[in-house]
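So this block is start38.cif, mmCIF, C-alpha atoms:
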data_query
loop_
_atom_site.label_atom_id
_atom_site.label_comp_id
_atom_site.auth_asym_id
_atom_site.auth_seq_id
_atom_site.Cartn_x
_atom_site.Cartn_y
_atom_site.Cartn_z
CA ASP A 29 -9.80 18.74 -32.61
CA THR A 30 -11.22 15.23 -32.96
CA GLY A 31 -10.74 14.09 -29.36
CA VAL A 32 -13.39 13.40 -26.73
CA SER A 33 -15.10 16.57 -25.55
CA GLN A 34 -17.15 17.18 -22.42
CA ASP A 35 -19.42 19.99 -21.40
CA PRO A 36 -19.44 21.78 -19.05
CA ARG A 37 -15.91 21.62 -17.70
CA HIS A 38 -17.00 22.81 -14.27
CA LYS A 39 -20.34 22.76 -12.50
CA ILE A 40 -21.20 24.09 -9.08
CA THR A 41 -24.64 23.21 -7.80
CA LYS A 42 -26.57 23.19 -4.57
CA ARG A 43 -27.51 19.98 -2.86
CA GLY A 44 -30.80 18.68 -4.16
CA GLN A 45 -30.51 20.18 -7.63
CA ASN A 46 -30.34 18.13 -10.84
CA VAL A 47 -27.35 18.35 -13.16
CA THR A 48 -26.68 17.04 -16.66
CA PHE A 49 -23.34 16.52 -18.37
CA ARG A 50 -22.66 15.93 -22.03
CA CYS A 51 -19.97 13.88 -23.74
CA ASP A 52 -19.09 13.85 -27.43
CA PRO A 53 -16.90 10.85 -28.31
CA ILE A 54 -14.37 10.47 -31.09
CA SER A 55 -16.57 10.23 -34.16
CA GLU A 56 -15.72 6.71 -35.33
CA HIS A 57 -15.84 5.17 -31.84
CA ASN A 58 -18.96 3.13 -31.11
CA ARG A 59 -18.21 2.56 -27.40
CA LEU A 60 -18.66 5.29 -24.83
CA TYR A 61 -17.87 5.09 -21.11
CA TRP A 62 -18.54 7.16 -18.01
CA TYR A 63 -16.24 7.13 -15.00
CA ARG A 64 -16.02 9.10 -11.76
CA GLN A 65 -12.78 10.14 -10.14
CA THR A 66 -12.31 11.56 -6.66
CA LEU A 67 -9.16 13.15 -5.31
CA GLY A 68 -6.28 10.74 -4.91
CA GLN A 69 -8.12 7.82 -6.48
CA GLY A 70 -8.19 6.13 -9.83
CA PRO A 71 -11.27 6.50 -12.03
CA GLU A 72 -14.21 4.29 -11.10
CA PHE A 73 -16.43 2.87 -13.81
CA LEU A 74 -20.07 3.98 -13.93
CA THR A 75 -21.54 2.74 -17.20
CA TYR A 76 -20.86 2.08 -20.86
CA PHE A 77 -22.64 2.07 -24.19
CA GLN A 78 -22.06 0.26 -27.40
CA ASN A 79 -23.80 2.38 -30.00
CA GLU A 80 -27.08 3.36 -28.29
CA ALA A 81 -27.31 0.27 -26.07
CA GLN A 82 -26.29 0.60 -22.43
CA LEU A 83 -24.40 -2.65 -21.85
CA GLU A 84 -23.02 -2.34 -18.33
CA LYS A 85 -23.86 -0.39 -15.20
CA SER A 86 -21.82 -0.29 -12.05
CA ARG A 87 -23.36 -0.68 -8.62
CA LEU A 88 -22.03 2.86 -8.07
CA LEU A 89 -24.73 4.07 -10.44
CA SER A 90 -27.56 4.65 -8.00
CA ASP A 91 -31.15 5.35 -9.00
CA ARG A 92 -30.33 9.05 -8.99
CA PHE A 93 -27.97 8.59 -11.92
CA SER A 94 -29.11 8.03 -15.47
CA ALA A 95 -27.19 7.96 -18.71
CA GLU A 96 -28.38 8.02 -22.28
CA ARG A 97 -26.91 7.79 -25.73
CA PRO A 98 -30.00 8.21 -27.88
CA LYS A 99 -28.55 8.12 -31.37
CA GLY A 100 -25.32 6.31 -30.68
CA SER A 101 -23.34 9.52 -30.87
CA PHE A 102 -23.15 11.90 -27.89
CA SER A 103 -24.15 10.85 -24.39
CA THR A 104 -25.62 12.59 -21.36
CA LEU A 105 -25.22 11.75 -17.70
CA GLU A 106 -27.84 13.15 -15.35
CA ILE A 107 -27.65 13.23 -11.58
CA GLN A 108 -30.89 13.95 -9.79
CA ARG A 109 -31.16 15.35 -6.26
CA THR A 110 -27.43 15.85 -5.98
CA GLU A 111 -25.68 15.10 -2.71
CA GLN A 112 -22.34 16.37 -1.42
CA GLY A 113 -20.88 12.90 -1.97
CA ASP A 114 -21.47 13.34 -5.70
CA SER A 115 -18.71 15.93 -5.84
CA ALA A 116 -16.09 14.47 -8.16
CA MET A 117 -14.61 14.63 -11.63
CA TYR A 118 -16.85 12.89 -14.16
CA LEU A 119 -14.88 11.46 -17.04
CA CYS A 120 -16.06 10.28 -20.41
CA ALA A 121 -14.08 7.99 -22.69
CA SER A 122 -14.62 6.34 -26.04
CA SER A 123 -13.13 3.41 -27.91
CA LEU A 124 -13.46 0.98 -30.77
CA PRO A 125 -14.31 -2.69 -30.06
CA PRO A 126 -11.41 -4.94 -28.94
CA ARG A 127 -10.67 -6.41 -32.36
CA PHE A 128 -9.95 -2.90 -33.64
CA GLY A 129 -7.97 -1.75 -30.62
CA ASN A 130 -10.02 -1.09 -27.52
CA GLU A 131 -7.90 1.53 -25.80
CA GLN A 132 -10.11 4.15 -24.25
CA TYR A 133 -9.47 7.81 -24.96
CA PHE A 134 -10.59 10.18 -22.25
CA GLY A 135 -12.07 13.63 -22.34
CA PRO A 136 -11.02 16.50 -20.06
CA GLY A 137 -13.77 15.74 -17.55
CA THR A 138 -16.51 17.71 -15.83
CA ARG A 139 -15.69 18.75 -12.29
CA LEU A 140 -18.83 18.76 -10.15
CA THR A 141 -18.96 20.57 -6.83
CA VAL A 142 -22.08 20.14 -4.72
CA THR A 143 -22.44 22.76 -1.99
CA ALA B 13 -12.38 -10.68 -8.21
CA GLN B 14 -10.60 -8.26 -10.46
CA LYS B 15 -8.10 -5.93 -8.87
CA VAL B 16 -5.14 -3.72 -9.71
CA THR B 17 -2.56 -2.82 -7.10
CA GLN B 18 -0.05 -0.02 -7.45
CA ALA B 19 1.85 -0.26 -4.21
CA GLN B 20 3.93 2.88 -4.77
CA THR B 21 1.85 5.89 -3.83
CA GLU B 22 4.52 8.50 -4.58
CA ILE B 23 7.97 8.39 -6.11
CA SER B 24 10.41 11.26 -6.33
CA VAL B 25 13.48 11.15 -8.56
CA VAL B 26 16.01 13.57 -9.94
CA GLU B 27 16.04 14.25 -13.66
CA LYS B 28 17.88 11.63 -15.75
CA GLU B 29 17.32 8.89 -13.23
CA ASP B 30 15.56 5.72 -14.36
CA VAL B 31 12.34 4.88 -12.53
CA THR B 32 10.08 1.80 -12.50
CA LEU B 33 6.41 1.94 -11.61
CA ASP B 34 4.97 -1.32 -10.36
CA CYS B 35 1.59 -2.81 -11.23
CA VAL B 36 0.19 -6.11 -9.98
CA TYR B 37 -3.17 -7.35 -11.15
CA GLU B 38 -5.62 -10.07 -10.17
CA THR B 39 -8.00 -11.83 -12.52
CA ARG B 40 -9.20 -15.34 -13.20
CA ASP B 41 -9.92 -14.57 -16.83
CA THR B 42 -7.69 -15.98 -19.54
CA THR B 43 -8.45 -13.10 -21.90
CA TYR B 44 -7.83 -9.65 -20.55
CA TYR B 45 -6.13 -6.38 -21.40
CA LEU B 46 -3.74 -4.24 -19.43
CA PHE B 47 -3.22 -0.52 -19.86
CA TRP B 48 -1.11 2.34 -18.60
CA TYR B 49 -2.40 5.91 -18.51
CA LYS B 50 -0.69 9.17 -17.58
CA GLN B 51 -2.55 11.97 -15.81
CA PRO B 52 -0.48 15.16 -15.83
CA PRO B 53 -1.31 18.11 -13.56
CA SER B 54 -3.66 19.41 -16.27
CA GLY B 55 -5.90 16.45 -15.41
CA GLU B 56 -6.63 14.71 -18.72
CA LEU B 57 -5.87 11.00 -18.83
CA VAL B 58 -3.49 10.10 -21.64
CA PHE B 59 -3.34 6.57 -23.04
CA LEU B 60 0.18 5.12 -23.10
CA ILE B 61 -0.04 1.41 -23.90
CA ARG B 62 -2.37 -1.57 -24.22
CA ARG B 63 -1.27 -5.18 -23.85
CA ASN B 64 -3.46 -8.27 -24.23
CA SER B 65 -3.04 -11.36 -22.09
CA PHE B 66 -1.66 -13.45 -24.92
CA ASP B 67 1.19 -11.12 -25.73
CA GLU B 68 3.97 -11.20 -23.17
CA GLN B 69 6.51 -9.44 -25.32
CA ASN B 70 8.09 -6.46 -23.68
CA GLU B 71 7.66 -3.17 -25.46
CA ILE B 72 9.84 -0.13 -25.78
CA SER B 73 8.71 3.25 -27.00
CA GLY B 74 11.39 5.89 -26.78
CA ARG B 75 12.24 6.34 -23.11
CA TYR B 76 9.30 4.20 -22.02
CA SER B 77 9.35 0.42 -21.66
CA TRP B 78 6.91 -2.11 -20.27
CA ASN B 79 7.54 -5.53 -18.76
CA PHE B 80 4.56 -7.91 -18.74
CA GLN B 81 4.99 -11.12 -16.73
CA LYS B 82 1.97 -13.40 -16.40
CA SER B 83 3.84 -15.65 -13.97
CA THR B 84 3.89 -12.84 -11.41
CA SER B 85 0.75 -11.03 -12.65
CA SER B 86 2.76 -7.88 -13.13
CA PHE B 87 2.87 -5.18 -15.78
CA ASN B 88 5.63 -2.78 -14.79
CA PHE B 89 6.50 0.49 -16.48
CA THR B 90 9.99 1.94 -16.69
CA ILE B 91 10.94 5.45 -17.68
CA THR B 92 14.58 5.78 -18.69
CA ALA B 93 16.40 9.07 -18.21
CA SER B 94 13.38 10.75 -16.62
CA GLN B 95 12.50 14.34 -17.42
CA VAL B 96 10.56 16.99 -15.54
CA VAL B 97 7.72 16.62 -18.07
CA ASP B 98 7.27 13.03 -16.90
CA SER B 99 5.89 14.36 -13.60
CA ALA B 100 2.34 13.04 -13.38
CA VAL B 101 0.14 10.41 -11.82
CA TYR B 102 0.40 7.11 -13.65
CA PHE B 103 -2.42 4.59 -13.60
CA CYS B 104 -2.38 0.92 -14.44
CA ALA B 105 -5.72 -0.58 -15.49
CA LEU B 106 -7.23 -3.98 -16.24
CA GLN B 107 -10.05 -4.82 -18.63
CA ARG B 108 -11.76 -8.18 -18.75
CA GLY B 109 -11.97 -9.53 -22.27
CA SER B 110 -15.75 -9.74 -22.28
CA GLN B 111 -16.46 -6.42 -20.64
CA GLY B 112 -15.88 -2.79 -21.38
CA ASN B 113 -15.00 -1.22 -18.07
CA LEU B 114 -11.46 -0.49 -16.96
CA ILE B 115 -10.47 -1.35 -13.39
CA PHE B 116 -7.88 1.18 -12.30
CA GLY B 117 -5.25 1.06 -9.61
CA LYS B 118 -4.95 3.98 -7.22
CA GLY B 119 -2.11 5.46 -9.21
CA THR B 120 1.50 6.36 -8.56
CA LYS B 121 2.45 10.01 -8.36
CA LEU B 122 5.83 10.58 -9.98
CA SER B 123 7.73 13.76 -9.30
CA VAL B 124 10.83 14.43 -11.36
CA LYS B 125 12.97 17.22 -9.97
CA PRO B 126 15.46 19.18 -12.07
#
Structure rendered as structure tokens:
Amino acid sequence: DTGVSQDPRHKITKRGQNVTFRCDPISEHNRLYWYRQTLGQGPEFLTYFQNEAQLEKSRLLSDRFSAERPKGSFSTLEIQRTEQGDSAMYLCASSLPPRFGNEQYFGPGTRLTVT
Amino acid sequence: AQKVTQAQTEISVVEKEDVTLDCVYETRDTTYYLFWYKQPPSGELVFLIRRNSFDEQNEISGRYSWNFQKSTSSFNFTITASQVVDSAVYFCALQRGSQGNLIFGKGTKLSVKP
């Protein structure tokens, strides 16, 4: 399967703990995005990378959130000192640049539950 | 400000009925992209279509068709002869030409009953 993959699919953690999620994009895609989706809402943008450079960050991305894409391939999203309000589905997507067709393809998501 | 409005929260139809999902967007950009995604009960977002702001041609793909009208800032999606497998939440999204992030509407939940 050459789609976007995310790991883990589910994570339950206690408030205050740190968590890290991984995303592997479609191999030829140089853009990688992170979104968060809560129940009954559309996905909300968090951040995006072009190759290894982080080009945009949403105001939703507080200091407790950090994302990396060290070699321009996979990416990690870390949440430090988790809070109950962080409970959500975290989605990763990847795409080519606009001139090659910039539709974003999404992974299955990581569902985070903070207790 | 950039915004996408999907005024229909839920729609319920009987199989074989036609259904139109509305999407109205706001942007001051001249270059932008519009998208539709499907999110079935399994949860994974599935890309359906991309349209750029310079291409107002309607598109048809099987039972799906899209009507893009810049004059009314709308990008509506019609499913002809709906099927139970069309049951899902459908999202409309906007992307500014110079940026990467998608701005999603709140989605329309479509239920197709046999």
Given the PyMOL selection byres ((chain B) within 6 of (chain A)) and the file above, list the residues it selects as a JSON list (two decimals) with C-alpha atoms, keeping the file's coordinate frame.
[["chain", "number", "residue", "atom", "x", "y", "z"],
["B", 56, "GLU", "CA", -6.63, 14.71, -18.72],
["B", 57, "LEU", "CA", -5.87, 11.00, -18.83],
["B", 116, "PHE", "CA", -7.88, 1.18, -12.30],
["B", 117, "GLY", "CA", -5.25, 1.06, -9.61],
["B", 118, "LYS", "CA", -4.95, 3.98, -7.22]]
Exercise for review: Pick out the residues sitting within 7 Å of Ala116 in chain A, and hand them over as a PyMOL selection string; count only C-alpha atoms, and ignore anything fewer than 5 positions along from it in its own chain.
Suggested key: chain A and resi 64-66+139-141
Identify all residues satisfying the PyMOL selection byres ((chain A and resi 105) around 12) in the given file; provide them as a PDB file with C-alpha atoms, keeping the file's coordinate frame.
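out-v5.pdb written:
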ATOM      1  CA  GLN A  34     -17.150  17.180 -22.420  1.00  0.00           C
ATOM      2  CA  ASP A  35     -19.420  19.990 -21.400  1.00  0.00           C
ATOM      3  CA  PRO A  36     -19.440  21.780 -19.050  1.00  0.00           C
ATOM      4  CA  ASN A  46     -30.340  18.130 -10.840  1.00  0.00           C
ATOM      5  CA  VAL A  47     -27.350  18.350 -13.160  1.00  0.00           C
ATOM      6  CA  THR A  48     -26.680  17.040 -16.660  1.00  0.00           C
ATOM      7  CA  PHE A  49     -23.340  16.520 -18.370  1.00  0.00           C
ATOM      8  CA  ARG A  50     -22.660  15.930 -22.030  1.00  0.00           C
ATOM      9  CA  CYS A  51     -19.970  13.880 -23.740  1.00  0.00           C
ATOM     10  CA  ASP A  52     -19.090  13.850 -27.430  1.00  0.00           C
ATOM     11  CA  LEU A  60     -18.660   5.290 -24.830  1.00  0.00           C
ATOM     12  CA  TYR A  61     -17.870   5.090 -21.110  1.00  0.00           C
ATOM     13  CA  TRP A  62     -18.540   7.160 -18.010  1.00  0.00           C
ATOM     14  CA  TYR A  63     -16.240   7.130 -15.000  1.00  0.00           C
ATOM     15  CA  ARG A  64     -16.020   9.100 -11.760  1.00  0.00           C
ATOM     16  CA  LEU A  74     -20.070   3.980 -13.930  1.00  0.00           C
ATOM     17  CA  THR A  75     -21.540   2.740 -17.200  1.00  0.00           C
ATOM     18  CA  TYR A  76     -20.860   2.080 -20.860  1.00  0.00           C
ATOM     19  CA  PHE A  77     -22.640   2.070 -24.190  1.00  0.00           C
ATOM     20  CA  LEU A  89     -24.730   4.070 -10.440  1.00  0.00           C
ATOM     21  CA  ARG A  92     -30.330   9.050  -8.990  1.00  0.00           C
ATOM     22  CA  PHE A  93     -27.970   8.590 -11.920  1.00  0.00           C
ATOM     23  CA  SER A  94     -29.110   8.030 -15.470  1.00  0.00           C
ATOM     24  CA  ALA A  95     -27.190   7.960 -18.710  1.00  0.00           C
ATOM     25  CA  GLU A  96     -28.380   8.020 -22.280  1.00  0.00           C
ATOM     26  CA  ARG A  97     -26.910   7.790 -25.730  1.00  0.00           C
ATOM     27  CA  PRO A  98     -30.000   8.210 -27.880  1.00  0.00           C
ATOM     28  CA  PHE A 102     -23.150  11.900 -27.890  1.00  0.00           C
ATOM     29  CA  SER A 103     -24.150  10.850 -24.390  1.00  0.00           C
ATOM     30  CA  THR A 104     -25.620  12.590 -21.360  1.00  0.00           C
ATOM     31  CA  GLU A 106     -27.840  13.150 -15.350  1.00  0.00           C
ATOM     32  CA  ILE A 107     -27.650  13.230 -11.580  1.00  0.00           C
ATOM     33  CA  GLN A 108     -30.890  13.950  -9.790  1.00  0.00           C
ATOM     34  CA  TYR A 118     -16.850  12.890 -14.160  1.00  0.00           C
ATOM     35  CA  LEU A 119     -14.880  11.460 -17.040  1.00  0.00           C
ATOM     36  CA  CYS A 120     -16.060  10.280 -20.410  1.00  0.00           C
ATOM     37  CA  THR A 138     -16.510  17.710 -15.830  1.00  0.00           C
TER      38      THR A 138
END
Check your understanding: How would you write, as a PyMOL selection string, the residues chosen by the PyMOL selection byres ((chain A and resi 53) around 6) on this structure?
Key -> chain A and resi 32+52+54-55+122
Limited to C-alpha atoms, could you put the picked residues into a file as a tab-separated table (two decimals), in the frame of the given file?
chain	number	residue	atom	x	y	z
A	32	VAL	CA	-13.39	13.40	-26.73
A	52	ASP	CA	-19.09	13.85	-27.43
A	54	ILE	CA	-14.37	10.47	-31.09
A	55	SER	CA	-16.57	10.23	-34.16
A	122	SER	CA	-14.62	6.34	-26.04
Check your understanding: Could you state the separation of CA of Lys99 in chain A and CA of Asn58 in chain A in Å, given to one decimal place?
Key ->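 Distance between the two atoms: 10.8 Å.
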Study note, to complete from the structure: What separates CA of Asn79 in chain B and CA of Val16 in chain B is a distance of 15.7 Å
Check your understanding: In Å, how far is it from CA of Ala13 in chain B to CA of Ser85 in chain B?
Key ->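 Between CA of Ala13 in chain B and CA of Ser85 in chain B the gap works out to 13.9 Å.
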Point to revise | Which residue of B:Gln95, B:Ser73, B:Ser54, B:Ser65 approaches Arg108 in chain B most closely, using all atoms listed in the file | key: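 Of B:Gln95, B:Ser73, B:Ser54, B:Ser65, the one nearest Arg108 in chain B is B:Ser65, counting all atoms listed in the file.
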Save range 64-76 of chain A from what I just supplied, as a PDB file, in the first residue's frame, atoms limited to all heavy atoms.
ATOM      1  N   ARG A  64      -6.036  18.575  12.892  1.00  0.00           N
ATOM      2  CA  ARG A  64      -6.721  18.003  14.047  1.00  0.00           C
ATOM      3  C   ARG A  64      -8.216  18.080  13.775  1.00  0.00           C
ATOM      4  O   ARG A  64      -8.722  19.099  13.275  1.00  0.00           O
ATOM      5  CB  ARG A  64      -6.374  18.808  15.312  1.00  0.00           C
ATOM      6  CG  ARG A  64      -7.023  18.281  16.569  1.00  0.00           C
ATOM      7  CD  ARG A  64      -6.479  18.989  17.776  1.00  0.00           C
ATOM      8  NE  ARG A  64      -6.887  20.386  17.840  1.00  0.00           N
ATOM      9  CZ  ARG A  64      -6.445  21.240  18.743  1.00  0.00           C
ATOM     10  NH1 ARG A  64      -5.558  20.861  19.637  1.00  0.00           N
ATOM     11  NH2 ARG A  64      -6.862  22.479  18.746  1.00  0.00           N
ATOM     12  N   GLN A  65      -8.906  16.996  14.119  1.00  0.00           N
ATOM     13  CA  GLN A  65     -10.345  16.961  13.903  1.00  0.00           C
ATOM     14  C   GLN A  65     -11.046  16.498  15.172  1.00  0.00           C
ATOM     15  O   GLN A  65     -10.729  15.450  15.722  1.00  0.00           O
ATOM     16  CB  GLN A  65     -10.713  16.018  12.750  1.00  0.00           C
ATOM     17  CG  GLN A  65     -12.204  16.054  12.385  1.00  0.00           C
ATOM     18  CD  GLN A  65     -12.541  15.163  11.203  1.00  0.00           C
ATOM     19  OE1 GLN A  65     -11.832  14.219  10.887  1.00  0.00           O
ATOM     20  NE2 GLN A  65     -13.648  15.475  10.531  1.00  0.00           N
ATOM     21  N   THR A  66     -11.993  17.303  15.628  1.00  0.00           N
ATOM     22  CA  THR A  66     -12.823  16.910  16.768  1.00  0.00           C
ATOM     23  C   THR A  66     -14.206  16.531  16.261  1.00  0.00           C
ATOM     24  O   THR A  66     -14.585  16.856  15.127  1.00  0.00           O
ATOM     25  CB  THR A  66     -12.919  18.040  17.797  1.00  0.00           C
ATOM     26  OG1 THR A  66     -13.355  19.244  17.134  1.00  0.00           O
ATOM     27  CG2 THR A  66     -11.572  18.309  18.451  1.00  0.00           C
ATOM     28  N   LEU A  67     -14.948  15.862  17.117  1.00  0.00           N
ATOM     29  CA  LEU A  67     -16.235  15.295  16.723  1.00  0.00           C
ATOM     30  C   LEU A  67     -17.178  16.349  16.164  1.00  0.00           C
ATOM     31  O   LEU A  67     -17.378  17.401  16.764  1.00  0.00           O
ATOM     32  CB  LEU A  67     -16.875  14.614  17.941  1.00  0.00           C
ATOM     33  CG  LEU A  67     -17.965  13.589  17.628  1.00  0.00           C
ATOM     34  CD1 LEU A  67     -17.400  12.454  16.799  1.00  0.00           C
ATOM     35  CD2 LEU A  67     -18.571  13.066  18.920  1.00  0.00           C
ATOM     36  N   GLY A  68     -17.717  16.068  14.978  1.00  0.00           N
ATOM     37  CA  GLY A  68     -18.697  16.962  14.385  1.00  0.00           C
ATOM     38  C   GLY A  68     -18.115  18.189  13.704  1.00  0.00           C
ATOM     39  O   GLY A  68     -18.861  19.071  13.271  1.00  0.00           O
ATOM     40  N   GLN A  69     -16.802  18.249  13.596  1.00  0.00           N
ATOM     41  CA  GLN A  69     -16.146  19.400  12.975  1.00  0.00           C
ATOM     42  C   GLN A  69     -15.308  18.966  11.789  1.00  0.00           C
ATOM     43  O   GLN A  69     -14.934  17.795  11.663  1.00  0.00           O
ATOM     44  CB  GLN A  69     -15.240  20.108  13.987  1.00  0.00           C
ATOM     45  CG  GLN A  69     -15.959  20.592  15.227  1.00  0.00           C
ATOM     46  CD  GLN A  69     -16.960  21.678  14.931  1.00  0.00           C
ATOM     47  OE1 GLN A  69     -16.693  22.592  14.138  1.00  0.00           O
ATOM     48  NE2 GLN A  69     -18.142  21.588  15.529  1.00  0.00           N
ATOM     49  N   GLY A  70     -14.999  19.930  10.932  1.00  0.00           N
ATOM     50  CA  GLY A  70     -14.049  19.650   9.874  1.00  0.00           C
ATOM     51  C   GLY A  70     -12.627  19.688  10.419  1.00  0.00           C
ATOM     52  O   GLY A  70     -12.377  20.233  11.493  1.00  0.00           O
ATOM     53  N   PRO A  71     -11.692  19.105   9.693  1.00  0.00           N
ATOM     54  CA  PRO A  71     -10.288  19.160  10.129  1.00  0.00           C
ATOM     55  C   PRO A  71      -9.799  20.609  10.236  1.00  0.00           C
ATOM     56  O   PRO A  71     -10.182  21.460   9.428  1.00  0.00           O
ATOM     57  CB  PRO A  71      -9.551  18.407   9.021  1.00  0.00           C
ATOM     58  CG  PRO A  71     -10.575  17.512   8.412  1.00  0.00           C
ATOM     59  CD  PRO A  71     -11.855  18.282   8.477  1.00  0.00           C
ATOM     60  N   GLU A  72      -8.948  20.844  11.232  1.00  0.00           N
ATOM     61  CA  GLU A  72      -8.343  22.160  11.417  1.00  0.00           C
ATOM     62  C   GLU A  72      -6.844  22.032  11.203  1.00  0.00           C
ATOM     63  O   GLU A  72      -6.193  21.153  11.780  1.00  0.00           O
ATOM     64  CB  GLU A  72      -8.612  22.684  12.825  1.00  0.00           C
ATOM     65  CG  GLU A  72     -10.074  22.940  13.118  1.00  0.00           C
ATOM     66  CD  GLU A  72     -10.256  23.347  14.572  1.00  0.00           C
ATOM     67  OE1 GLU A  72      -9.946  22.531  15.455  1.00  0.00           O
ATOM     68  OE2 GLU A  72     -10.703  24.478  14.823  1.00  0.00           O
ATOM     69  N   PHE A  73      -6.307  22.939  10.423  1.00  0.00           N
ATOM     70  CA  PHE A  73      -4.900  22.901  10.060  1.00  0.00           C
ATOM     71  C   PHE A  73      -4.020  23.190  11.269  1.00  0.00           C
ATOM     72  O   PHE A  73      -4.292  24.081  12.068  1.00  0.00           O
ATOM     73  CB  PHE A  73      -4.647  23.949   8.978  1.00  0.00           C
ATOM     74  CG  PHE A  73      -3.213  24.205   8.666  1.00  0.00           C
ATOM     75  CD1 PHE A  73      -2.472  23.289   7.936  1.00  0.00           C
ATOM     76  CD2 PHE A  73      -2.598  25.364   9.093  1.00  0.00           C
ATOM     77  CE1 PHE A  73      -1.145  23.528   7.637  1.00  0.00           C
ATOM     78  CE2 PHE A  73      -1.275  25.624   8.801  1.00  0.00           C
ATOM     79  CZ  PHE A  73      -0.547  24.703   8.068  1.00  0.00           C
ATOM     80  N   LEU A  74      -2.922  22.429  11.378  1.00  0.00           N
ATOM     81  CA  LEU A  74      -1.932  22.668  12.433  1.00  0.00           C
ATOM     82  C   LEU A  74      -0.627  23.199  11.856  1.00  0.00           C
ATOM     83  O   LEU A  74      -0.133  24.249  12.264  1.00  0.00           O
ATOM     84  CB  LEU A  74      -1.654  21.382  13.206  1.00  0.00           C
ATOM     85  CG  LEU A  74      -2.818  20.822  14.034  1.00  0.00           C
ATOM     86  CD1 LEU A  74      -2.412  19.505  14.686  1.00  0.00           C
ATOM     87  CD2 LEU A  74      -3.274  21.819  15.087  1.00  0.00           C
ATOM     88  N   THR A  75      -0.050  22.450  10.899  1.00  0.00           N
ATOM     89  CA  THR A  75       1.227  22.864  10.351  1.00  0.00           C
ATOM     90  C   THR A  75       1.492  22.120   9.050  1.00  0.00           C
ATOM     91  O   THR A  75       0.849  21.119   8.763  1.00  0.00           O
ATOM     92  CB  THR A  75       2.366  22.607  11.356  1.00  0.00           C
ATOM     93  OG1 THR A  75       3.584  23.183  10.863  1.00  0.00           O
ATOM     94  CG2 THR A  75       2.580  21.112  11.577  1.00  0.00           C
ATOM     95  N   TYR A  76       2.455  22.650   8.251  1.00  0.00           N
ATOM     96  CA  TYR A  76       2.845  21.910   7.068  1.00  0.00           C
ATOM     97  C   TYR A  76       4.303  22.111   6.715  1.00  0.00           C
ATOM     98  O   TYR A  76       4.921  23.114   7.071  1.00  0.00           O
ATOM     99  CB  TYR A  76       1.889  22.178   5.900  1.00  0.00           C
ATOM    100  CG  TYR A  76       2.357  23.091   4.793  1.00  0.00           C
ATOM    101  CD1 TYR A  76       3.044  22.578   3.692  1.00  0.00           C
ATOM    102  CD2 TYR A  76       2.037  24.434   4.812  1.00  0.00           C
ATOM    103  CE1 TYR A  76       3.408  23.400   2.645  1.00  0.00           C
ATOM    104  CE2 TYR A  76       2.404  25.265   3.760  1.00  0.00           C
ATOM    105  CZ  TYR A  76       3.086  24.749   2.676  1.00  0.00           C
ATOM    106  OH  TYR A  76       3.448  25.569   1.638  1.00  0.00           O
TER     107      TYR A  76
END
